[in-house]
$ cat input-v9.txt   # compact mmCIF, C-alpha atoms
# COMPACT_ATOMS: atom_id res chain seq x y z
CA MET A 1 134.57 166.57 24.19
CA LYS A 2 131.61 165.28 22.25
CA ARG A 3 129.63 167.83 20.29
CA TRP A 4 126.00 167.43 19.32
CA VAL A 5 123.69 169.09 16.84
CA LEU A 6 119.90 169.10 17.27
CA LEU A 7 117.91 167.37 14.57
CA ALA A 8 114.25 166.54 14.00
CA THR A 9 112.94 165.60 17.43
CA LEU A 10 113.56 166.73 21.08
CA SER A 11 116.58 165.55 22.97
CA LEU A 12 119.23 165.81 25.65
CA ALA A 13 121.64 163.94 27.90
CA LEU A 14 125.29 163.08 28.42
CA ALA A 15 127.94 164.69 30.54
CA ALA A 16 127.99 168.38 31.40
CA CYS A 17 130.89 169.02 29.04
CA ASP A 18 128.88 168.05 25.98
CA VAL A 19 128.08 170.85 23.56
CA PHE A 20 124.61 170.90 21.97
CA VAL A 21 123.93 172.85 18.81
CA PRO A 22 120.20 173.13 17.96
CA VAL A 23 119.13 172.48 14.41
CA GLU A 24 115.60 171.20 13.72
CA PRO A 25 113.23 170.32 16.60
CA THR A 26 110.13 168.31 15.80
CA LEU A 27 106.90 168.52 17.78
CA LYS A 28 103.82 166.53 17.13
CA PRO A 29 100.33 166.20 18.51
CA GLN A 30 99.35 162.82 19.95
CA SER A 31 96.55 160.72 21.28
CA ARG A 32 96.18 156.99 22.16
CA PRO A 33 96.40 153.69 24.58
CA PRO A 34 94.56 151.57 27.32
CA GLY A 35 94.86 149.74 30.63
CA LEU A 36 92.84 152.19 32.70
CA ASP A 37 93.52 150.57 36.08
CA THR A 38 92.70 152.88 38.97
CA ASP A 39 94.35 152.30 42.34
CA THR A 40 91.95 153.80 44.88
CA THR A 41 94.49 153.33 47.66
CA ALA A 42 97.15 155.42 45.93
CA PRO A 43 98.00 158.77 47.55
CA LYS A 44 96.31 161.75 45.98
CA PRO A 45 98.58 164.06 43.95
CA ARG A 46 99.25 167.53 45.24
CA ALA A 47 96.80 170.26 44.35
CA THR A 48 97.05 171.30 40.72
CA SER A 49 96.38 174.56 38.96
CA GLN A 50 93.21 175.26 37.05
CA ALA A 51 95.20 175.19 33.80
CA SER A 52 96.49 171.69 34.52
CA ALA A 53 93.04 170.50 35.62
CA GLU A 54 91.51 171.81 32.41
CA ILE A 55 94.11 170.06 30.29
CA ARG A 56 93.53 166.80 32.20
CA ALA A 57 89.78 167.07 31.57
CA TYR A 58 90.36 167.85 27.90
CA LEU A 59 92.70 164.88 27.39
CA THR A 60 90.30 162.56 29.17
CA GLN A 61 87.57 163.68 26.78
CA VAL A 62 89.91 163.13 23.81
CA GLN A 63 90.64 159.55 24.87
CA SER A 64 86.96 158.81 25.50
CA ALA A 65 85.93 160.22 22.11
CA GLN A 66 88.65 158.29 20.29
CA LEU A 67 87.65 155.01 21.92
CA THR A 68 83.99 155.64 21.15
CA GLN A 69 84.94 156.02 17.47
CA GLY A 70 86.81 152.72 17.46
CA LEU A 71 90.22 154.40 17.38
CA LEU A 72 93.25 153.80 19.60
CA ARG A 73 93.45 150.15 18.59
CA ARG A 74 95.82 147.90 20.52
CA ASP A 75 95.74 144.79 18.35
CA GLY A 76 98.85 145.54 16.29
CA GLY A 77 96.97 145.21 13.01
CA GLY A 78 95.22 142.22 11.50
CA PRO A 79 93.41 140.85 8.42
CA ASP A 80 91.80 144.25 7.84
CA THR A 81 95.19 145.98 7.57
CA PRO A 82 97.26 144.04 5.01
CA PHE A 83 100.44 145.53 3.58
CA THR A 84 102.87 144.44 0.88
CA SER A 85 106.61 144.88 0.52
CA ASP A 86 105.94 147.86 -1.75
CA VAL A 87 103.79 149.49 0.94
CA LEU A 88 106.44 148.80 3.59
CA SER A 89 109.12 150.35 1.36
CA ARG A 90 107.01 153.44 0.70
CA ASN A 91 106.18 153.92 4.37
CA PHE A 92 109.79 153.52 5.45
CA GLU A 93 110.90 156.16 2.97
CA ARG A 94 108.32 158.68 4.17
CA ILE A 95 108.82 158.06 7.87
CA ALA A 96 112.60 157.65 8.04
CA PHE A 97 113.76 160.19 5.44
CA PHE A 98 111.29 163.05 5.81
CA ASN A 99 110.16 165.35 8.60
CA GLU A 100 106.64 166.68 8.28
CA TYR A 101 106.54 169.13 11.15
CA THR A 102 109.35 171.67 11.15
CA GLY A 103 112.47 172.81 9.39
CA THR A 104 113.68 172.39 5.83
CA LEU A 105 112.53 168.79 5.53
CA SER A 106 108.92 169.93 5.74
CA SER A 107 109.35 171.23 2.19
CA GLY A 108 109.14 167.65 0.98
CA VAL A 109 112.86 167.24 0.37
CA ALA A 110 114.27 163.96 1.62
CA GLY A 111 116.93 164.13 4.31
CA ALA A 112 119.53 161.60 5.41
CA LEU A 113 118.89 158.37 7.29
CA ARG A 114 118.94 159.28 11.00
CA ARG A 115 119.50 156.79 13.82
CA TRP A 116 121.63 155.93 16.85
CA ASN A 117 125.06 154.36 16.48
CA VAL A 118 125.75 154.36 20.23
CA PRO A 119 123.82 152.45 22.93
CA VAL A 120 120.59 154.17 23.97
CA ARG A 121 120.33 154.64 27.75
CA MET A 122 116.97 156.02 28.77
CA GLU A 123 116.30 157.77 32.06
CA VAL A 124 112.80 158.45 33.41
CA ILE A 125 112.26 161.78 35.17
CA PHE A 126 109.08 162.85 36.97
CA GLY A 127 107.70 166.25 37.84
CA ALA A 128 106.54 166.87 41.41
CA SER A 129 102.91 166.59 40.30
CA VAL A 130 103.20 162.87 39.46
CA PRO A 131 102.09 160.66 42.40
CA PRO A 132 104.15 157.58 43.45
CA SER A 133 101.62 155.08 42.10
CA GLN A 134 101.72 156.66 38.64
CA ARG A 135 105.50 156.87 38.72
CA ARG A 136 105.73 153.12 39.26
CA THR A 137 103.41 152.45 36.34
CA ASP A 138 105.15 154.87 33.99
CA LYS A 139 108.63 153.61 34.87
CA GLN A 140 107.51 150.03 34.29
CA ASP A 141 105.92 150.93 30.94
CA VAL A 142 109.09 152.70 29.74
CA THR A 143 111.31 149.83 30.90
CA GLN A 144 109.17 147.21 29.18
CA PHE A 145 108.96 149.19 25.97
CA ALA A 146 112.70 149.89 25.94
CA SER A 147 113.27 146.14 26.19
CA ARG A 148 110.91 145.58 23.28
CA LEU A 149 112.66 148.23 21.19
CA SER A 150 116.02 146.64 21.89
CA ARG A 151 114.72 143.21 20.90
CA VAL A 152 113.14 144.48 17.70
CA THR A 153 116.05 146.66 16.54
CA LYS A 154 118.85 144.43 17.88
CA HIS A 155 120.38 147.69 19.13
CA PRO A 156 121.34 148.15 22.81
CA ILE A 157 118.47 150.10 24.43
CA SER A 158 117.99 150.10 28.19
CA VAL A 159 116.76 152.19 31.13
CA SER A 160 119.45 153.62 33.41
CA SER A 161 119.35 154.71 37.04
CA PRO A 162 118.13 158.23 37.90
CA GLY A 163 120.86 160.81 37.44
CA GLY A 164 123.09 158.36 35.63
CA PRO A 165 125.97 160.18 33.92
CA SER A 166 125.66 157.92 30.89
CA SER A 167 121.95 158.59 30.29
CA ASN A 168 121.43 159.93 26.78
CA PHE A 169 117.66 159.66 26.21
CA LEU A 170 115.64 161.43 28.91
CA VAL A 171 111.91 160.71 29.25
CA LEU A 172 110.07 163.39 31.26
CA PHE A 173 106.57 162.91 32.71
CA VAL A 174 105.53 166.44 33.65
CA SER A 175 102.36 168.48 34.06
CA GLU A 176 101.50 172.03 33.06
CA ASP A 177 102.51 173.03 36.60
CA ASP A 178 106.03 171.60 36.64
CA ARG A 179 107.08 171.14 32.99
CA SER A 180 108.93 174.44 32.77
CA GLU A 181 110.69 173.81 36.09
CA GLU A 182 111.87 170.34 35.09
CA ILE A 183 113.05 171.48 31.67
CA ASP A 184 115.01 174.34 33.28
CA LYS A 185 116.82 171.72 35.35
CA LEU A 186 118.08 170.17 32.16
CA SER A 187 120.02 173.34 31.37
CA ALA A 188 121.70 173.11 34.77
CA ARG A 189 122.55 169.47 34.22
CA PHE A 190 123.77 170.12 30.69
CA PRO A 191 125.03 173.73 30.56
CA ASN A 192 125.56 173.68 26.81
CA LEU A 193 121.96 172.80 26.11
CA THR A 194 120.61 176.27 25.38
CA PRO A 195 117.19 177.62 26.43
CA ALA A 196 116.42 178.14 22.74
CA ALA A 197 116.92 174.44 22.07
CA LEU A 198 114.54 173.53 24.90
CA ALA A 199 111.92 176.18 24.17
CA PRO A 200 109.75 173.93 21.94
CA LEU A 201 109.41 171.51 24.85
CA LYS A 202 108.34 174.22 27.26
CA ASN A 203 105.81 175.85 24.95
CA LEU A 204 103.43 172.99 24.18
CA SER A 205 99.97 173.71 22.85
CA ARG A 206 97.04 171.96 24.51
CA GLU A 207 96.75 169.71 21.45
CA THR A 208 100.33 168.49 21.87
CA TYR A 209 100.16 165.54 24.26
CA CYS A 210 103.86 164.71 24.03
CA ALA A 211 106.96 165.56 22.03
CA VAL A 212 110.50 164.37 21.39
CA ILE A 213 113.71 166.02 20.17
CA ALA A 214 116.94 164.30 19.15
CA PHE A 215 120.48 165.65 18.81
CA GLY A 216 122.97 164.47 16.22
CA GLN A 217 126.71 164.40 16.62
CA LEU A 218 128.50 167.37 15.08
CA GLU A 219 130.82 165.12 13.06
CA ASN A 220 127.78 163.27 11.70
CA PRO A 221 124.49 165.13 12.31
CA ALA A 222 122.50 162.07 11.21
CA SER A 223 123.96 160.02 14.07
CA TYR A 224 121.96 160.68 17.22
CA GLY A 225 123.77 161.01 20.52
CA ALA A 226 121.06 162.43 22.78
CA ALA A 227 117.28 162.81 22.99
CA VAL A 228 114.54 164.18 25.26
CA ALA A 229 110.89 163.14 25.31
CA VAL A 230 108.26 165.12 27.21
CA ILE A 231 104.95 163.42 28.07
CA ARG A 232 102.11 165.32 29.68
CA ALA A 233 101.31 163.90 33.12
CA GLU A 234 97.71 165.00 32.54
CA ASN A 235 97.28 162.29 29.88
CA PRO A 236 94.92 159.47 30.88
CA ASP A 237 96.50 156.01 30.94
CA LEU A 238 95.97 155.02 27.32
CA LEU A 239 97.15 158.32 25.84
CA ARG A 240 100.18 158.29 28.14
CA LEU A 241 101.15 154.77 27.10
CA SER A 242 100.58 155.74 23.49
CA CYS A 243 102.96 158.67 23.94
CA ILE A 244 105.59 156.29 25.32
CA HIS A 245 105.29 154.06 22.26
CA GLU A 246 105.36 156.82 19.68
CA GLU A 247 107.87 159.29 21.14
CA LEU A 248 110.44 156.67 22.14
CA SER A 249 110.15 155.09 18.69
CA GLN A 250 110.37 158.41 16.86
CA GLY A 251 113.32 159.41 19.01
CA LEU A 252 115.24 156.48 17.53
CA GLY A 253 115.01 157.93 14.03
CA LEU A 254 111.49 157.38 12.64
CA ALA A 255 110.77 161.09 12.93
CA ASN A 256 107.94 161.58 10.44
CA ASP A 257 104.29 160.59 10.15
CA SER A 258 102.51 159.54 6.97
CA PRO A 259 98.74 159.52 6.33
CA GLN A 260 99.30 156.43 4.17
CA ALA A 261 101.03 154.36 6.87
CA ARG A 262 98.73 151.55 8.08
CA PRO A 263 98.64 149.73 10.41
CA SER A 264 100.87 152.23 12.19
CA ILE A 265 101.23 154.69 15.05
CA PHE A 266 103.18 156.91 12.62
CA ASN A 267 99.91 158.27 11.30
CA ASP A 268 97.93 161.19 12.70
CA ASP A 269 94.58 159.45 12.30
CA ASP A 270 95.02 157.81 15.74
CA GLU A 271 93.63 154.49 14.53
CA PHE A 272 96.32 152.66 16.47
CA ALA A 273 97.44 153.48 19.99
CA LEU A 274 100.41 151.15 20.32
CA LEU A 275 103.31 149.99 18.18
CA THR A 276 102.05 147.63 15.48
CA ASN A 277 103.56 144.66 13.67
CA HIS A 278 104.16 146.93 10.68
CA ASP A 279 105.96 149.46 12.90
CA GLU A 280 108.24 146.78 14.30
CA LEU A 281 109.36 146.03 10.75
CA LEU A 282 110.10 149.73 10.19
CA LEU A 283 112.29 149.74 13.30
CA ARG A 284 114.09 146.59 12.19
CA MET A 285 114.76 148.24 8.85
CA LEU A 286 116.03 151.43 10.48
CA PHE A 287 118.81 149.61 12.30
CA ASP A 288 119.69 147.15 9.54
CA LYS A 289 123.46 147.06 9.12
CA ARG A 290 123.17 147.26 5.34
CA PHE A 291 122.33 150.95 5.76
CA GLU A 292 124.90 153.59 6.61
CA THR A 293 123.85 156.36 8.97
CA GLY A 294 123.54 159.56 6.94
CA MET A 295 122.80 157.67 3.72
CA SER A 296 120.67 159.51 1.16
CA LEU A 297 117.30 158.20 0.09
CA GLU A 298 118.55 157.70 -3.45
CA ALA A 299 121.43 155.52 -2.26
CA ALA A 300 119.23 153.67 0.22
CA ARG A 301 116.34 152.79 -2.13
CA PRO A 302 117.74 149.49 -3.48
CA ILE A 303 118.48 148.35 0.08
CA ILE A 304 115.04 149.44 1.29
CA ARG A 305 113.43 147.34 -1.44
CA GLU A 306 115.61 144.33 -0.64
CA ILE A 307 114.90 144.43 3.10
CA SER A 308 111.17 145.04 2.63
CA ILE A 309 110.83 141.91 0.49
CA GLU A 310 112.80 139.88 3.01
CA LEU A 311 110.71 141.04 5.97
CA THR A 312 107.30 140.61 4.38
CA GLU A 313 108.19 137.14 3.09
CA ALA A 314 109.61 136.11 6.47
CA ASN A 315 106.54 137.36 8.33
CA GLY A 316 104.01 135.85 5.96
CA PRO A 317 100.84 137.58 4.84
CA ALA A 318 100.43 140.84 6.73

$ encode --input "input-v9.txt" --output "structure tokens"
Amino acid sequence: MKRWVLLATLSLALAACDVFVPVEPTLKPQSRPPGLDTDTTAPKPRATSQASAEIRAYLTQVQSAQLTQGLLRRDGGGPDTPFTSDVLSRNFERIAFFNEYTGTLSSGVAGALRRWNVPVRMEVIFGASVPPSQRRTDKQDVTQFASRLSRVTKHPISVSSPGGPSSNFLVLFVSEDDRSEEIDKLSARFPNLTPAALAPLKNLSRETYCAVIAFGQLENPASYGAAVAVIRAENPDLLRLSCIHEELSQGLGLANDSPQARPSIFNDDDEFALLTNHDELLLRMLFDKRFETGMSLEAARPIIREISIELTEANGPA
């Protein structure tokens, strides 16, 4: 029987016999991406509550305001966002070894290197409020991004069939009207996943557009074995795609944000909506075989420096 311990993110999955032990969930506000294609022939979603309608209106206003300010960039970074190997090293340390939002790591004390050692098998789950047309788009976006993550990290990451017993990274698209219901179903599917562990996912503030939690294995808490991402269905297209990029990436082990990270989605300033060239290098570093999962920052620093130089030289001027 595998045993899991919850770390800094949201998470779930695996067989019903798995035991989950909550430790440090991480929630984070979001806002970002584009591609606002509207299918006028798509069936209308079922009637929603006033609370859900108000959140949808609010998030639409957020996206509009961000775009008006020149935020939510989708260009991956360019000549105006150069970075050196020293900057890449610093950003990797802050994003991979610290956790800004909750738990003991928020004190500024570095934790261990957290990542997956087993294949990541994502499953997309929809609340009843999500219409078929949006489901197709969201499923396609998750599938395409999972493929990109696998290519970048060289780690097996794929999307599994609904209800697959081997799914270990669940991605939920749910509204204010059905989020609680869908999260309750997770407890039935995984009896050892306690309500307390799932509570942060159920109690989202309006400013939290999406969230992710990851569980580590009991024998090695830094080694993830399960994860759950929750994305508000009320998000307009760009913010929803942005949530896919950030939560799925953070659920792999890049759990923190840094105000100094640029060009990056791991920064609360919302300048970038989608994964950048800089962020791809962070993900490549995270899964580099020269690291050991659970390694301390002190032990990892020489390797971080070595890899950062290699990546920036190989990719030319950033």

$ residues_around --input "input-v9.txt" --residues "region 283-287 of chain A" --least-positions-apart "2" --cutoff "6 Å" --atoms "all atoms listed in the file" --output "list in words"
Val152, Thr153, Glu280 and Leu281 of chain A

$ closest_residue --input "input-v9.txt" --among "A:Pro195, A:Pro131, A:Gly76, A:Gly163" --to "Thr276 (chain A)" --atoms "only C-alpha atoms"
A:Gly76

$ closest_residue --input "input-v9.txt" --among "A:Arg240, A:Arg121, A:Arg290, A:Arg179" --to "Pro156 (chain A)" --atoms "only C-alpha atoms"
A:Arg121

$ closest_residue --input "input-v9.txt" --among "A:Ala233, A:Asn168, A:Asn203, A:Ala196" --to "Phe215 (chain A)" --atoms "all atoms listed in the file"
A:Asn168

$ residues_around --input "input-v9.txt" --residues "Glu234 (chain A)" --least-positions-apart "3" --cutoff "7 Å" --atoms "all atoms listed in the file" --output "PyMOL selection string"
chain A and resi 55-56+175

$ closest_residue --input "input-v9.txt" --among "A:Trp116, A:Phe126, A:Phe83, A:Tyr58" --to "Gln217 (chain A)" --atoms "only C-alpha atoms"
A:Trp116

$ residues_around --input "input-v9.txt" --residues "Ala273 (chain A)" --least-positions-apart "2" --cutoff "10 Å" --atoms "all atoms listed in the file" --output "PyMOL selection string"
chain A and resi 30-34+71-76+238-243+245-246+264-266+270-271+275-276

$ atom_distance --input "input-v9.txt" --atom1 "CA of Ser296 (chain A)" --atom2 "CA of Ala112 (chain A)"
4.9 Å

$ residues_near_point --input "input-v9.txt" --point "(111.8, 168.9, 29.8)" --cutoff "12 Å" --atoms "only C-alpha atoms" --output "PDB file with C-alpha atoms, in the coordinates of the input"
ATOM      1  CA  LEU A  10     113.560 166.730  21.080  1.00  0.00           C
ATOM      2  CA  SER A  11     116.580 165.550  22.970  1.00  0.00           C
ATOM      3  CA  LEU A  12     119.230 165.810  25.650  1.00  0.00           C
ATOM      4  CA  ALA A  13     121.640 163.940  27.900  1.00  0.00           C
ATOM      5  CA  VAL A 124     112.800 158.450  33.410  1.00  0.00           C
ATOM      6  CA  ILE A 125     112.260 161.780  35.170  1.00  0.00           C
ATOM      7  CA  PHE A 126     109.080 162.850  36.970  1.00  0.00           C
ATOM      8  CA  GLY A 127     107.700 166.250  37.840  1.00  0.00           C
ATOM      9  CA  PHE A 169     117.660 159.660  26.210  1.00  0.00           C
ATOM     10  CA  LEU A 170     115.640 161.430  28.910  1.00  0.00           C
ATOM     11  CA  VAL A 171     111.910 160.710  29.250  1.00  0.00           C
ATOM     12  CA  LEU A 172     110.070 163.390  31.260  1.00  0.00           C
ATOM     13  CA  PHE A 173     106.570 162.910  32.710  1.00  0.00           C
ATOM     14  CA  VAL A 174     105.530 166.440  33.650  1.00  0.00           C
ATOM     15  CA  SER A 175     102.360 168.480  34.060  1.00  0.00           C
ATOM     16  CA  GLU A 176     101.500 172.030  33.060  1.00  0.00           C
ATOM     17  CA  ASP A 178     106.030 171.600  36.640  1.00  0.00           C
ATOM     18  CA  ARG A 179     107.080 171.140  32.990  1.00  0.00           C
ATOM     19  CA  SER A 180     108.930 174.440  32.770  1.00  0.00           C
ATOM     20  CA  GLU A 181     110.690 173.810  36.090  1.00  0.00           C
ATOM     21  CA  GLU A 182     111.870 170.340  35.090  1.00  0.00           C
ATOM     22  CA  ILE A 183     113.050 171.480  31.670  1.00  0.00           C
ATOM     23  CA  ASP A 184     115.010 174.340  33.280  1.00  0.00           C
ATOM     24  CA  LYS A 185     116.820 171.720  35.350  1.00  0.00           C
ATOM     25  CA  LEU A 186     118.080 170.170  32.160  1.00  0.00           C
ATOM     26  CA  SER A 187     120.020 173.340  31.370  1.00  0.00           C
ATOM     27  CA  ALA A 188     121.700 173.110  34.770  1.00  0.00           C
ATOM     28  CA  ARG A 189     122.550 169.470  34.220  1.00  0.00           C
ATOM     29  CA  LEU A 193     121.960 172.800  26.110  1.00  0.00           C
ATOM     30  CA  PRO A 195     117.190 177.620  26.430  1.00  0.00           C
ATOM     31  CA  ALA A 197     116.920 174.440  22.070  1.00  0.00           C
ATOM     32  CA  LEU A 198     114.540 173.530  24.900  1.00  0.00           C
ATOM     33  CA  ALA A 199     111.920 176.180  24.170  1.00  0.00           C
ATOM     34  CA  PRO A 200     109.750 173.930  21.940  1.00  0.00           C
ATOM     35  CA  LEU A 201     109.410 171.510  24.850  1.00  0.00           C
ATOM     36  CA  LYS A 202     108.340 174.220  27.260  1.00  0.00           C
ATOM     37  CA  ASN A 203     105.810 175.850  24.950  1.00  0.00           C
ATOM     38  CA  LEU A 204     103.430 172.990  24.180  1.00  0.00           C
ATOM     39  CA  CYS A 210     103.860 164.710  24.030  1.00  0.00           C
ATOM     40  CA  ALA A 211     106.960 165.560  22.030  1.00  0.00           C
ATOM     41  CA  VAL A 212     110.500 164.370  21.390  1.00  0.00           C
ATOM     42  CA  ILE A 213     113.710 166.020  20.170  1.00  0.00           C
ATOM     43  CA  ALA A 227     117.280 162.810  22.990  1.00  0.00           C
ATOM     44  CA  VAL A 228     114.540 164.180  25.260  1.00  0.00           C
ATOM     45  CA  ALA A 229     110.890 163.140  25.310  1.00  0.00           C
ATOM     46  CA  VAL A 230     108.260 165.120  27.210  1.00  0.00           C
ATOM     47  CA  ILE A 231     104.950 163.420  28.070  1.00  0.00           C
ATOM     48  CA  ARG A 232     102.110 165.320  29.680  1.00  0.00           C
TER      49      ARG A 232
END

$ residues_around --input "input-v9.txt" --residues "region 222-224 of chain A" --least-positions-apart "6" --cutoff "7 Å" --atoms "all atoms listed in the file" --output "compact mmCIF listing (two decimals) with C-alpha atoms, keeping the file's coordinate frame"
# COMPACT_ATOMS: atom_id res chain seq x y z
CA ALA A 112 119.53 161.60 5.41
CA LEU A 113 118.89 158.37 7.29
CA ARG A 114 118.94 159.28 11.00
CA ARG A 115 119.50 156.79 13.82
CA TRP A 116 121.63 155.93 16.85
CA ASN A 117 125.06 154.36 16.48
CA ALA A 214 116.94 164.30 19.15
CA PHE A 215 120.48 165.65 18.81
CA GLY A 216 122.97 164.47 16.22
CA THR A 293 123.85 156.36 8.97
CA GLY A 294 123.54 159.56 6.94
